[in-house]
file work.cif (mmCIF, C-alpha atoms and all ligand atoms)
data_final
#
loop_
_atom_site.label_atom_id
_atom_site.label_comp_id
_atom_site.auth_asym_id
_atom_site.auth_seq_id
_atom_site.Cartn_x
_atom_site.Cartn_y
_atom_site.Cartn_z
CA MET A 282 136.08 94.88 124.61
CA GLY A 283 138.99 92.44 124.10
CA LEU A 284 139.99 89.49 126.23
CA ASN A 285 141.87 89.44 129.51
CA ILE A 286 144.26 86.59 128.73
CA GLN A 287 145.80 86.28 132.18
CA GLU A 288 142.35 86.00 133.69
CA ILE A 289 141.43 83.41 131.08
CA ARG A 290 144.59 81.40 131.75
CA ASN A 291 143.72 81.31 135.44
CA ASP A 292 140.43 79.62 134.49
CA PHE A 293 142.34 76.65 133.03
CA PRO A 294 144.12 74.83 135.88
CA ILE A 295 146.20 72.59 133.59
CA LEU A 296 148.02 75.59 132.11
CA ALA A 297 149.90 75.96 135.40
CA GLU A 298 151.35 72.44 135.07
CA LYS A 299 155.04 71.83 134.53
CA VAL A 300 156.44 69.31 132.03
CA TYR A 301 159.93 67.96 132.84
CA GLY A 302 160.21 70.88 135.25
CA LYS A 303 159.41 73.41 132.51
CA PRO A 304 156.23 75.45 132.14
CA LEU A 305 153.77 73.67 129.86
CA VAL A 306 153.20 75.36 126.52
CA TYR A 307 150.06 73.75 125.12
CA PHE A 308 149.88 74.12 121.35
CA ASP A 309 147.85 70.97 120.62
CA ASN A 310 144.44 72.61 120.69
CA ALA A 311 143.29 71.21 117.35
CA ALA A 312 143.53 67.72 118.89
CA THR A 313 141.70 68.70 122.05
CA THR A 314 141.32 71.92 124.00
CA GLN A 315 141.88 72.29 127.71
CA LYS A 316 138.92 72.70 130.08
CA PRO A 317 138.08 75.66 132.29
CA LEU A 318 137.38 74.95 135.94
CA SER A 319 133.67 75.64 135.40
CA VAL A 320 133.47 72.69 132.99
CA ILE A 321 135.44 70.38 135.28
CA GLU A 322 133.23 71.39 138.19
CA ALA A 323 130.01 71.03 136.19
CA GLU A 324 130.82 67.42 135.38
CA ALA A 325 131.93 66.63 138.94
CA ASP A 326 128.80 68.34 140.22
CA VAL A 327 126.55 65.95 138.32
CA TYR A 328 128.12 63.02 140.16
CA ARG A 329 128.22 64.95 143.41
CA ARG A 330 124.60 66.14 143.42
CA ILE A 331 122.22 64.86 140.77
CA ASN A 332 123.58 61.65 139.22
CA SER A 333 120.65 59.56 138.08
CA ASN A 334 119.69 57.98 134.78
CA ILE A 335 117.77 60.39 132.58
CA HIS A 336 114.38 60.25 130.85
CA ARG A 337 113.06 57.07 132.49
CA SER A 338 112.60 58.23 136.01
CA VAL A 339 109.78 59.45 138.21
CA HIS A 340 112.06 60.36 141.08
CA HIS A 341 113.47 63.76 141.97
CA LEU A 342 117.11 63.20 141.03
CA GLY A 343 116.14 61.62 137.73
CA ASN A 344 114.05 64.66 136.92
CA LEU A 345 116.79 67.11 137.89
CA CYS A 346 119.30 65.29 135.74
CA THR A 347 116.90 65.04 132.78
CA GLU A 348 116.11 68.75 133.00
CA ALA A 349 119.79 69.69 133.11
CA PHE A 350 120.48 67.42 130.12
CA GLU A 351 117.61 68.80 128.03
CA GLU A 352 118.55 72.34 128.96
CA VAL A 353 121.87 71.79 127.17
CA ARG A 354 120.09 70.58 124.04
CA LYS A 355 118.35 73.97 124.01
CA LYS A 356 121.68 75.76 124.59
CA VAL A 357 123.34 73.91 121.71
CA ALA A 358 120.38 74.70 119.45
CA GLY A 359 120.73 78.38 120.41
CA PHE A 360 124.52 78.33 119.97
CA ILE A 361 124.29 77.26 116.33
CA ASN A 362 120.85 78.79 115.70
CA ALA A 363 119.12 75.50 114.86
CA GLY A 364 115.47 75.73 113.88
CA SER A 365 114.39 73.52 116.78
CA ASN A 366 115.78 71.58 119.76
CA GLU A 367 114.70 68.29 118.17
CA GLU A 368 117.28 68.84 115.45
CA ILE A 369 120.10 68.39 117.98
CA ILE A 370 121.23 64.79 118.48
CA PHE A 371 123.82 63.92 121.11
CA THR A 372 126.48 61.42 120.03
CA LYS A 373 129.90 60.58 121.42
CA GLY A 374 131.82 62.74 118.98
CA THR A 375 132.21 64.02 115.42
CA THR A 376 133.32 60.55 114.37
CA GLU A 377 130.15 58.92 115.64
CA SER A 378 128.01 61.68 114.11
CA ILE A 379 129.50 61.03 110.66
CA ASN A 380 129.20 57.26 111.06
CA LEU A 381 125.56 57.74 111.98
CA LEU A 382 125.02 59.77 108.82
CA ALA A 383 126.97 57.47 106.52
CA THR A 384 124.89 54.60 107.86
CA SER A 385 121.38 56.02 108.26
CA LEU A 386 121.46 58.55 105.45
CA GLY A 387 123.56 56.12 103.43
CA GLU A 388 120.85 53.46 103.68
CA HIS A 389 118.14 55.98 102.90
CA LEU A 390 119.73 57.74 99.93
CA PHE A 391 122.23 55.53 98.17
CA SER A 392 121.92 52.77 95.59
CA GLU A 393 124.74 51.03 93.78
CA GLY A 394 126.69 53.44 91.58
CA ASP A 395 125.62 56.57 93.47
CA GLU A 396 128.25 59.13 94.45
CA VAL A 397 129.43 61.08 97.47
CA ILE A 398 131.72 64.11 97.11
CA LEU A 399 134.47 64.52 99.73
CA THR A 400 137.65 66.59 99.69
CA GLU A 401 141.33 65.77 99.75
CA MET A 402 141.70 67.51 103.10
CA GLU A 403 139.15 65.44 105.06
CA HIS A 404 139.92 63.87 108.41
CA HIS A 405 139.78 60.06 108.27
CA SER A 406 136.46 60.33 110.17
CA ASN A 407 134.95 61.81 107.05
CA ILE A 408 136.51 59.29 104.69
CA VAL A 409 136.37 55.84 106.23
CA PRO A 410 132.62 55.79 107.08
CA TRP A 411 131.95 56.46 103.36
CA GLN A 412 134.36 53.72 102.37
CA LEU A 413 132.39 51.35 104.61
CA LEU A 414 129.25 52.44 102.76
CA GLN A 415 131.13 51.89 99.51
CA LYS A 416 131.74 48.26 100.57
CA ARG A 417 128.12 47.74 101.58
CA LYS A 418 126.46 49.45 98.65
CA GLY A 419 128.98 49.83 95.83
CA ILE A 420 128.92 53.63 95.85
CA HIS A 421 131.64 55.87 94.34
CA ILE A 422 133.67 58.45 96.23
CA LYS A 423 134.66 61.59 94.33
CA VAL A 424 137.30 63.91 95.76
CA VAL A 425 137.77 67.69 95.48
CA PRO A 426 141.51 68.32 95.00
CA VAL A 427 143.56 70.69 97.17
CA THR A 428 145.76 73.41 95.63
CA ASP A 429 149.43 74.02 96.53
CA ASP A 430 148.28 76.76 98.93
CA GLY A 431 146.06 74.31 100.78
CA GLU A 432 142.73 75.53 99.42
CA LEU A 433 139.96 73.59 97.72
CA ASP A 434 139.95 73.69 93.93
CA MET A 435 136.47 75.13 93.54
CA ASP A 436 136.39 74.76 89.74
CA ALA A 437 137.04 71.07 90.13
CA PHE A 438 134.34 70.89 92.83
CA GLY A 439 131.73 72.26 90.42
CA LYS A 440 132.63 69.62 87.85
CA LEU A 441 132.24 66.65 90.20
CA PHE A 442 128.44 66.73 90.29
CA SER A 443 126.45 64.27 88.26
CA GLY A 444 122.93 62.91 88.29
CA LYS A 445 124.22 60.28 90.73
CA THR A 446 125.61 62.65 93.37
CA LYS A 447 123.75 62.03 96.63
CA ILE A 448 125.79 63.86 99.29
CA VAL A 449 128.59 66.38 99.69
CA SER A 450 130.48 65.97 102.96
CA VAL A 451 133.18 68.54 103.67
CA THR A 452 135.19 69.88 106.56
CA HIS A 453 134.51 73.50 107.52
CA ILE A 454 138.15 73.99 108.55
CA SER A 455 141.15 71.75 107.83
CA ASN A 456 142.59 70.24 111.00
CA VAL A 457 146.04 70.15 109.37
CA MET A 458 146.34 73.56 107.69
CA GLY A 459 143.62 75.66 109.27
CA THR A 460 142.13 76.44 105.84
CA ILE A 461 138.59 77.79 106.16
CA ASN A 462 136.62 76.33 103.29
CA PRO A 463 133.99 78.36 101.42
CA VAL A 464 131.25 76.11 102.76
CA GLY A 465 128.49 78.66 102.10
CA LYS A 466 129.28 78.65 98.38
CA MET A 467 129.63 74.87 98.37
CA ILE A 468 126.21 74.46 99.97
CA GLU A 469 124.65 76.79 97.42
CA LYS A 470 126.21 74.87 94.57
CA ALA A 471 125.18 71.47 95.97
CA HIS A 472 121.62 72.63 96.58
CA ALA A 473 121.41 73.80 92.97
CA PHE A 474 121.86 70.10 92.15
CA ASP A 475 119.42 69.11 94.94
CA VAL A 476 122.23 67.49 96.91
CA PRO A 477 122.33 67.74 100.71
CA VAL A 478 125.52 68.83 102.49
CA ILE A 479 127.19 67.61 105.67
CA ILE A 480 129.64 70.01 107.29
CA ASP A 481 132.30 68.60 109.62
CA GLY A 482 132.59 71.48 112.06
CA ALA A 483 135.05 69.83 114.49
CA GLN A 484 137.68 72.54 113.85
CA ALA A 485 135.30 75.44 113.40
CA ILE A 486 132.70 75.53 116.14
CA HIS A 487 134.97 77.10 118.79
CA HIS A 488 136.72 79.52 116.45
CA LEU A 489 133.93 81.30 114.64
CA PRO A 490 130.21 81.89 115.05
CA VAL A 491 128.19 79.20 113.24
CA ASP A 492 124.59 79.79 112.16
CA VAL A 493 123.26 76.59 110.59
CA GLN A 494 120.11 78.27 109.27
CA LYS A 495 122.08 81.02 107.59
CA LEU A 496 124.54 78.51 106.17
CA ASP A 497 121.59 76.37 105.13
CA CYS A 498 123.66 73.20 105.64
CA ASP A 499 121.65 70.01 105.96
CA PHE A 500 123.89 68.58 108.70
CA TYR A 501 126.57 70.06 110.95
CA VAL A 502 128.66 67.86 113.25
CA PHE A 503 131.18 68.63 116.01
CA SER A 504 132.79 67.40 119.24
CA ALA A 505 132.52 68.94 122.71
CA HIS A 506 136.14 68.20 123.62
CA LYS A 507 137.47 70.57 120.98
CA MET A 508 135.35 73.45 122.29
CA TYR A 509 136.60 73.48 125.90
CA GLY A 510 134.02 70.86 126.87
CA PRO A 511 134.35 67.26 128.03
CA THR A 512 135.37 64.20 126.02
CA GLY A 513 132.81 61.64 124.90
CA VAL A 514 130.14 64.08 123.71
CA GLY A 515 129.40 64.99 120.11
CA ILE A 516 126.64 66.82 118.33
CA LEU A 517 124.80 66.06 115.16
CA TYR A 518 122.62 68.86 113.88
CA GLY A 519 120.31 67.80 111.07
CA LYS A 520 117.40 69.47 109.34
CA ARG A 521 114.21 67.90 110.65
CA GLU A 522 113.03 66.89 107.18
CA TRP A 523 116.14 64.71 106.78
CA LEU A 524 116.21 63.30 110.30
CA GLU A 525 112.61 62.23 109.97
CA LYS A 526 113.30 60.30 106.80
CA MET A 527 116.32 58.49 108.21
CA GLU A 528 116.22 55.10 109.96
CA PRO A 529 117.73 54.83 113.47
CA TYR A 530 121.46 54.18 113.67
CA GLN A 531 121.53 51.99 116.76
CA GLY A 532 118.79 50.08 118.51
CA GLY A 533 118.29 49.94 122.27
CA GLY A 534 116.65 51.73 125.13
CA GLU A 535 115.24 55.26 124.77
CA MET A 536 115.07 55.23 120.96
CA ILE A 537 111.90 53.11 120.93
CA ASP A 538 108.21 53.85 121.16
CA LYS A 539 106.96 50.27 121.66
CA VAL A 540 108.86 47.00 121.48
CA SER A 541 107.44 43.56 120.90
CA PHE A 542 108.81 40.47 119.19
CA SER A 543 106.43 41.06 116.33
CA GLY A 544 107.93 44.50 115.70
CA THR A 545 109.14 47.77 117.19
CA THR A 546 108.10 51.35 116.61
CA PHE A 547 110.57 54.16 117.15
CA ASN A 548 110.58 57.18 119.39
CA GLU A 549 110.28 60.68 117.96
CA LEU A 550 113.15 63.08 117.30
CA PRO A 551 115.71 63.50 118.72
CA TYR A 552 115.46 60.32 120.81
CA LYS A 553 115.16 58.07 117.76
CA PHE A 554 118.92 58.57 117.33
CA GLU A 555 119.95 58.39 121.00
CA ALA A 556 119.91 54.69 121.89
CA GLY A 557 121.04 53.75 125.40
CA THR A 558 122.15 55.87 128.34
CA PRO A 559 123.95 58.90 126.93
CA ASN A 560 126.96 60.58 128.49
CA PHE A 561 124.62 62.85 130.43
CA ALA A 562 127.29 64.15 132.81
CA GLY A 563 129.38 65.12 129.79
CA VAL A 564 126.44 66.78 128.05
CA ILE A 565 125.68 68.80 131.17
CA ALA A 566 129.35 69.86 131.34
CA LEU A 567 129.13 70.89 127.68
CA GLY A 568 126.50 73.37 128.85
CA ALA A 569 129.16 74.97 131.07
CA ALA A 570 131.58 75.09 128.12
CA LEU A 571 128.99 76.90 126.00
CA GLU A 572 128.39 79.38 128.80
CA TYR A 573 132.13 79.93 129.09
CA LEU A 574 132.54 80.53 125.35
CA GLU A 575 129.56 82.85 125.24
CA SER A 576 130.90 84.84 128.19
CA LYS A 577 134.08 85.53 126.18
CA ASN A 578 132.39 86.46 122.87
CA LEU A 579 133.35 84.45 119.78
CA ASN A 580 134.21 87.56 117.78
CA ASP A 581 136.77 88.64 120.39
CA ILE A 582 138.15 85.09 120.44
CA TRP A 583 138.45 85.17 116.65
CA ASP A 584 140.30 88.52 116.70
CA TYR A 585 142.71 87.39 119.40
CA GLU A 586 143.47 84.02 117.80
CA HIS A 587 143.88 85.65 114.43
CA ASP A 588 146.40 88.06 115.85
CA LEU A 589 148.29 85.15 117.44
CA PHE A 590 148.30 83.34 114.11
CA GLU A 591 149.65 86.35 112.19
CA TYR A 592 152.32 86.89 114.81
CA GLY A 593 153.22 83.19 114.87
CA MET A 594 153.38 82.97 111.08
CA LYS A 595 155.70 85.97 110.84
CA LYS A 596 158.03 84.58 113.50
CA MET A 597 157.98 80.99 112.27
CA LYS A 598 158.76 82.01 108.67
CA ALA A 599 162.11 83.30 109.95
CA VAL A 600 163.14 79.91 111.41
CA PRO A 601 165.93 78.47 109.21
CA GLY A 602 164.85 75.44 107.15
CA ILE A 603 161.14 75.75 107.94
CA ARG A 604 158.60 74.60 105.32
CA LEU A 605 155.04 75.67 105.93
CA ILE A 606 152.27 73.38 104.74
CA GLY A 607 149.16 75.30 103.70
CA GLN A 608 149.04 79.05 103.14
CA ALA A 609 145.35 79.61 102.48
CA SER A 610 144.07 83.17 102.39
CA ASP A 611 141.25 82.30 104.79
CA HIS A 612 142.48 80.37 107.78
CA THR A 613 142.29 79.79 111.50
CA SER A 614 145.06 79.58 114.10
CA VAL A 615 146.90 76.45 112.96
CA ILE A 616 150.47 76.31 111.64
CA SER A 617 151.70 73.04 110.12
CA PHE A 618 155.37 72.77 109.21
CA LEU A 619 158.43 70.67 108.55
CA LEU A 620 161.90 71.55 109.77
CA GLY A 621 164.76 70.92 107.31
CA LYS A 622 165.08 67.22 106.60
CA ALA A 623 164.09 66.23 110.14
CA HIS A 624 161.24 63.80 110.64
CA PRO A 625 158.24 65.51 112.33
CA PHE A 626 158.33 62.88 115.06
CA ASP A 627 161.93 63.80 116.02
CA VAL A 628 161.06 67.52 116.11
CA GLY A 629 158.00 66.84 118.28
CA THR A 630 159.96 64.60 120.65
CA LEU A 631 162.66 67.20 121.23
CA LEU A 632 160.07 69.96 121.67
CA ASP A 633 158.28 67.81 124.22
CA LYS A 634 161.43 67.64 126.34
CA LEU A 635 161.41 71.44 126.36
CA GLY A 636 157.83 71.58 127.63
CA PHE A 637 155.97 72.10 124.34
CA ALA A 638 152.91 70.04 123.45
CA LEU A 639 152.60 69.96 119.65
CA ARG A 640 151.12 67.23 117.49
CA THR A 641 153.23 65.41 114.93
CA GLY A 642 152.28 62.89 112.26
CA HIS A 643 149.61 62.60 109.60
CA HIS A 644 146.87 64.13 111.78
CA CYS A 645 144.38 61.50 110.56
CA ALA A 646 144.58 63.07 107.12
CA GLN A 647 146.81 60.68 105.17
CA PRO A 648 145.37 61.56 101.74
CA LEU A 649 146.39 65.18 102.37
CA MET A 650 149.90 64.07 103.36
CA ASP A 651 150.08 62.09 100.10
CA ARG A 652 148.92 65.18 98.22
CA PHE A 653 151.94 67.10 99.55
CA GLY A 654 154.26 64.08 99.32
CA ILE A 655 155.20 64.24 103.00
CA PRO A 656 155.04 61.69 105.86
CA GLY A 657 153.47 64.17 108.23
CA THR A 658 153.89 67.60 109.76
CA VAL A 659 154.50 69.24 113.10
CA ARG A 660 151.37 71.19 114.01
CA ALA A 661 151.07 74.16 116.33
CA SER A 662 147.44 75.04 116.97
CA PHE A 663 146.63 78.04 119.12
CA ALA A 664 143.72 78.74 121.42
CA PHE A 665 142.71 81.98 123.10
CA TYR A 666 144.65 81.12 126.27
CA ASN A 667 147.93 81.03 124.32
CA THR A 668 150.21 84.05 124.19
CA ARG A 669 152.78 85.77 121.99
CA ASP A 670 155.35 85.00 124.66
CA GLU A 671 154.67 81.27 124.24
CA ILE A 672 155.14 81.64 120.48
CA ASP A 673 158.47 83.43 121.05
CA ARG A 674 159.54 80.52 123.23
CA LEU A 675 158.53 78.03 120.56
CA VAL A 676 160.49 79.90 117.92
CA GLY A 677 163.56 79.91 120.22
CA ALA A 678 163.12 76.17 120.79
CA LEU A 679 162.72 75.50 117.04
CA ASN A 680 165.98 77.30 116.33
CA ARG A 681 167.68 75.06 118.89
CA VAL A 682 166.01 71.87 117.66
CA GLY A 683 166.86 72.77 114.05
CA THR A 684 170.60 72.92 114.81
CA MET A 685 170.43 69.70 116.85
CA LEU A 686 168.81 67.79 113.99
CA GLU A 687 170.94 69.25 111.17
N1 LIG A 701 136.98 65.97 111.84
C1 LIG A 701 137.95 66.86 112.04
C2 LIG A 701 138.15 67.97 111.07
C3 LIG A 701 138.77 66.74 113.17
O1 LIG A 701 139.74 67.63 113.38
C4 LIG A 701 138.54 65.68 114.08
C5 LIG A 701 139.41 65.50 115.31
N2 LIG A 701 140.77 65.64 115.09
C6 LIG A 701 137.50 64.79 113.83
C7 LIG A 701 136.73 64.97 112.69
C8 LIG A 701 137.18 63.66 114.74
O2 LIG A 701 136.72 64.14 115.96
P1 LIG A 701 136.48 63.17 117.20
O3 LIG A 701 137.78 62.42 117.37
O4 LIG A 701 136.20 64.10 118.32
O5 LIG A 701 135.37 62.27 116.86
#
call {"tool": "encode", "arguments": {"input": "work.cif", "output": "C-alpha cells", "more": "lines below"}}
Ligand code: PMP
result
Amino acid sequence: MGLNIQEIRNDFPILAEKVYGKPLVYFDNAATTQKPLSVIEAEADVYRRINSNIHRSVHHLGNLCTEAFEEVRKKVAGFINAGSNEEIIFTKGTTESINLLATSLGEHLFSEGDEVILTEMEHHSNIVPWQLLQKRKGIHIKVVPVTDDGELDMDAFGKLFSGKTKIVSVTHISNVMGTINPVGKMIEKAHAFDVPVIIDGAQAIHHLPVDVQKLDCDFYVFSAHKMYGPTGVGILYGKREWLEKMEPYQGGGEMIDKVSFSGTTFNELPYKFEAGTPNFAGVIALGAALEYLESKNLNDIWDYEHDLFEYGMKKMKAVPGIRLIGQASDHTSVISFLLGKAHPFDVGTLLDKLGFALRTGHHCAQPLMDRFGIPGTVRASFAFYNTRDEIDRLVGALNRVGTMLE
C-alpha cells in the first residue's frame, strides 16, 4: 500500500508555516507531534456543538458529550488490545500516569527497603516519582546500565532482582536515542520473579503496534500529544487485578460512590482514578487522532519512518565532526548527535534561524547524559510527514553550521 506523503502533509496545516521566512522543517516529533486538521476540528467541534460536563448530567448535551468521551475509551482499549474498557484510565499525560502508579501502587506494594528497577535511559518522569516514593517509604532504586551502543545491559538486568523487588518500570523506546528495548523479554523475566512491569510507552505508541495482552505488561502509559492528538491527555492502561487493589490517587468528584463526613466509598473502575472534570474535549480529539493513525496503518508508518531513519543516518554520518549518541540495533526514527566541540544549544539556535525545529539539551534524561559524559545532544526525530528532502536540507545546514562553529 504505502503512504502518500504529500497528501499526509496537507492534513497538517502547521507544516505549511514559515519560520524567519523559511519553510518550517519540523524534526522535534519526539517532544510533541503536530496535529492533523481532523484532530484540531474534533476538539473545536466539542466546544462548538456539544460542550457540557460529562457523567453527571441528565440533559441532552451532557449525554452526547459523555457518549463521545466513553466512545474514545473503547477506541483506546481497541488500539492497544486491552482486555476491557475499564482498564483504560484517562490522565493528563505519561507523567501523571507514572505519578499515579508510583503513588497508588507504591502505597499498596512497597515497605521500607523494597526495591524498584529502572533503567539508565529513563525520562525524568520515570525517575523522580520513584525518588518521591523513596523519600516517603525508604525504598531503593536499582538501575539497569546502558551499553556504549545505547542498549540495555540485559545480563545486568537479570542480576538486579532480589526478594525485595516490587516493580520494574522501563521505557519501551528511549526518547534520546530511539533504542527499542526488549520489553517482552523483560516482562517475562520480571514475571518469573512475580514482579509486575510498567512500560512507559510515550515514544512507542505512535511508531509501532502495541498489544498489551500479548506483551503481558501490567501497566502501559502514554500521552496523546505524542501520537498526533491533543495536549493534556494521557492514558494509563492497567490490568484490572492491579487497578482493583490500588487506592485512588486523587480525591474529588466522579471518583466517589458515596461521601459523608464519617467516610467515603469509591466509584468502580475506571472512575476511581478519574477525580474531577477530565479534559473531555481533549479525550474526544484523541479519538480523531486514533482514527487518523488507523487510517494510515501503523505498519506502513513504521516502514516509512524506518526508511527515513536509515537514509538520515547514512547522510548524517558523512557530516564532518558529527558524533552520534546511541547506535542500537533495534531503534525508531530518532537521531541524537553532537557536532564537533560545539555546544548542542548553539547548534540548535543556528539551525532554528534556518527554519529547523530540533530539540537540544538533556531531553529530561540527565542520568543518560551523565552515562555518556555529555551535557546534552541535538536530537532530530522524524515523523511520517517528514521527507528525505527535509533531511537533505538538514544535512546541508549542518555542514554550514559546523564551519560557523569551528
Ligand atoms: N516518558 C518518555 C519516554 C517521554 O519521551 C516523555 C516526553 N518527552 C515522557 C515520559 C513525559 O511525557 P509527558 O510530558 O507527555 O507527560
call {"tool": "closest_atom_pairs", "arguments": {"input": "work.cif", "of": "chain A", "to": "ligand LIG 701 (chain A)", "cutoff": "7 Å", "atoms": "only C-alpha atoms and all ligand atoms", "output": "Markdown table"}}
result
| residue | atom | partner | partner_atom | distance |
| --- | --- | --- | --- | --- |
| A:Ala311 | CA | A:LIG701 | O1 | 6.4 |
| A:Ala312 | CA | A:LIG701 | N2 | 5.1 |
| A:Gly374 | CA | A:LIG701 | O5 | 4.2 |
| A:Thr375 | CA | A:LIG701 | O5 | 3.9 |
| A:Thr376 | CA | A:LIG701 | O5 | 3.7 |
| A:Glu377 | CA | A:LIG701 | O5 | 6.3 |
| A:Glu403 | CA | A:LIG701 | C2 | 6.6 |
| A:His404 | CA | A:LIG701 | N1 | 5.0 |
| A:Ser406 | CA | A:LIG701 | C7 | 5.3 |
| A:Asn407 | CA | A:LIG701 | N1 | 6.7 |
| A:Thr452 | CA | A:LIG701 | C2 | 5.7 |
| A:Ile454 | CA | A:LIG701 | C2 | 6.5 |
| A:Ser455 | CA | A:LIG701 | C2 | 5.8 |
| A:Asn456 | CA | A:LIG701 | O1 | 4.5 |
| A:Asp481 | CA | A:LIG701 | N1 | 5.8 |
| A:Gly482 | CA | A:LIG701 | C2 | 6.6 |
| A:Ala483 | CA | A:LIG701 | C1 | 4.8 |
| A:Gln484 | CA | A:LIG701 | O1 | 5.3 |
| A:Ser504 | CA | A:LIG701 | O4 | 4.8 |
| A:His506 | CA | A:LIG701 | O4 | 6.7 |
call {"tool": "residues_around", "arguments": {"input": "work.cif", "residues": "Met527 of chain A", "least_positions_apart": "5", "cutoff": "12 Å", "atoms": "only C-alpha atoms", "output": "MDAnalysis selection string"}}
result
chainID A and resid 381:390 519:522 547 549:551 553:554
call {"tool": "closest_atom_pairs", "arguments": {"input": "work.cif", "of": "segment 490-580 of chain A", "to": "segment 655-679 of chain A", "cutoff": "12 Å", "atoms": "all atoms listed in the file", "output": "JSON lines"}}
result
{"residue": "A:Lys507", "atom": "CA", "partner": "A:Ala664", "partner_atom": "CA", "distance": 10.3}
{"residue": "A:Met508", "atom": "CA", "partner": "A:Ala664", "partner_atom": "CA", "distance": 9.9}
{"residue": "A:Tyr509", "atom": "CA", "partner": "A:Ala664", "partner_atom": "CA", "distance": 9.9}
{"residue": "A:Leu574", "atom": "CA", "partner": "A:Phe665", "partner_atom": "CA", "distance": 10.5}
{"residue": "A:Lys577", "atom": "CA", "partner": "A:Phe665", "partner_atom": "CA", "distance": 9.8}
{"residue": "A:Asn578", "atom": "CA", "partner": "A:Phe665", "partner_atom": "CA", "distance": 11.3}
{"residue": "A:Leu579", "atom": "CA", "partner": "A:Phe665", "partner_atom": "CA", "distance": 10.2}
{"residue": "A:Asn580", "atom": "CA", "partner": "A:Phe665", "partner_atom": "CA", "distance": 11.5}
call {"tool": "write_last_selection", "arguments": {"input": "work.cif", "atoms": "C-alpha atoms", "output": "short mmCIF file (atom, residue, chain, number, x, y, z; two decimals), keeping the file's coordinate frame"}}
result
data_model
loop_
_atom_site.label_atom_id
_atom_site.label_comp_id
_atom_site.auth_asym_id
_atom_site.auth_seq_id
_atom_site.Cartn_x
_atom_site.Cartn_y
_atom_site.Cartn_z
CA LYS A 507 137.47 70.57 120.98
CA MET A 508 135.35 73.45 122.29
CA TYR A 509 136.60 73.48 125.90
CA LEU A 574 132.54 80.53 125.35
CA LYS A 577 134.08 85.53 126.18
CA ASN A 578 132.39 86.46 122.87
CA LEU A 579 133.35 84.45 119.78
CA ASN A 580 134.21 87.56 117.78
#
call {"tool": "atom_distance", "arguments": {"input": "work.cif", "atom1": "atom CA of Gln608 of chain A", "atom2": "atom CA of Lys466 of chain A"}}
result
20.3 Å
call {"tool": "atom_distance", "arguments": {"input": "work.cif", "atom1": "atom CA of His472 of chain A", "atom2": "atom CA of Ile361 of chain A"}}
result
20.5 Å
call {"tool": "residues_around", "arguments": {"input": "work.cif", "residues": "Leu305 of chain A", "least_positions_apart": "5", "cutoff": "9 Å", "atoms": "only C-alpha atoms", "output": "list in words"}}
result
Ile295, Leu296, Ala297, Glu298, Lys299, Val300, Leu635, Gly636, Phe637 and Ala638 of chain A
call {"tool": "atom_distance", "arguments": {"input": "work.cif", "atom1": "atom CA of Ile480 of chain A", "atom2": "atom CA of Lys526 of chain A"}}
result
19.0 Å
call {"tool": "residues_around", "arguments": {"input": "work.cif", "residues": "Gly359 of chain A", "least_positions_apart": "6", "cutoff": "12 Å", "atoms": "only C-alpha atoms", "output": "compact mmCIF listing (two decimals) with C-alpha atoms, in the frame of the given file"}}
result
# COMPACT_ATOMS: atom_id res chain seq x y z
CA GLU A 352 118.55 72.34 128.96
CA VAL A 353 121.87 71.79 127.17
CA SER A 365 114.39 73.52 116.78
CA ASN A 366 115.78 71.58 119.76
CA GLU A 367 114.70 68.29 118.17
CA GLU A 368 117.28 68.84 115.45
CA ILE A 369 120.10 68.39 117.98
CA PRO A 490 130.21 81.89 115.05
CA VAL A 491 128.19 79.20 113.24
CA ASP A 492 124.59 79.79 112.16
CA VAL A 493 123.26 76.59 110.59
CA GLN A 494 120.11 78.27 109.27
CA TYR A 518 122.62 68.86 113.88
CA GLY A 568 126.50 73.37 128.85
CA LEU A 571 128.99 76.90 126.00
CA GLU A 572 128.39 79.38 128.80
CA GLU A 575 129.56 82.85 125.24
call {"tool": "residues_around", "arguments": {"input": "work.cif", "residues": "segment 627-631 of chain A", "least_positions_apart": "2", "cutoff": "7 Å", "atoms": "all atoms listed in the file", "output": "mmCIF file with C-alpha atoms, in the coordinates of the input"}}
result
data_model
loop_
_atom_site.group_PDB
_atom_site.id
_atom_site.type_symbol
_atom_site.label_atom_id
_atom_site.label_comp_id
_atom_site.auth_asym_id
_atom_site.auth_seq_id
_atom_site.Cartn_x
_atom_site.Cartn_y
_atom_site.Cartn_z
ATOM 1 C CA ALA A 623 164.090 66.230 110.140
ATOM 2 C CA HIS A 624 161.240 63.800 110.640
ATOM 3 C CA PRO A 625 158.240 65.510 112.330
ATOM 4 C CA ASP A 633 158.280 67.810 124.220
ATOM 5 C CA LYS A 634 161.430 67.640 126.340
ATOM 6 C CA LEU A 635 161.410 71.440 126.360
ATOM 7 C CA LEU A 639 152.600 69.960 119.650
ATOM 8 C CA ARG A 640 151.120 67.230 117.490
ATOM 9 C CA THR A 641 153.230 65.410 114.930
ATOM 10 C CA VAL A 659 154.500 69.240 113.100
ATOM 11 C CA VAL A 682 166.010 71.870 117.660
#
call {"tool": "closest_residue", "arguments": {"input": "work.cif", "among": "A:Asn462, A:Thr372, A:Ser450, A:Thr314", "to": "Ile516 of chain A", "atoms": "all atoms listed in the file"}}
result
A:Thr372
call {"tool": "residues_around", "arguments": {"input": "work.cif", "residues": "Lys416 of chain A", "least_positions_apart": "2", "cutoff": "12 Å", "atoms": "only C-alpha atoms", "output": "ChimeraX atom specification"}}
result
/A:383-384,387,392-394,409-414,418-422
call {"tool": "closest_residue", "arguments": {"input": "work.cif", "among": "A:Leu649, A:Met467, A:Met458, A:Ala325", "to": "Ala609 of chain A", "atoms": "only C-alpha atoms"}}
result
A:Met458
call {"tool": "closest_residue", "arguments": {"input": "work.cif", "among": "A:Ile286, A:Val502, A:Ala349, A:Val478", "to": "Tyr585 of chain A", "atoms": "only C-alpha atoms"}}
result
A:Ile286
call {"tool": "closest_residue", "arguments": {"input": "work.cif", "among": "A:Arg652, A:Asn344, A:Lys495, A:Ile370", "to": "Val425 of chain A", "atoms": "all atoms listed in the file"}}
result
A:Arg652
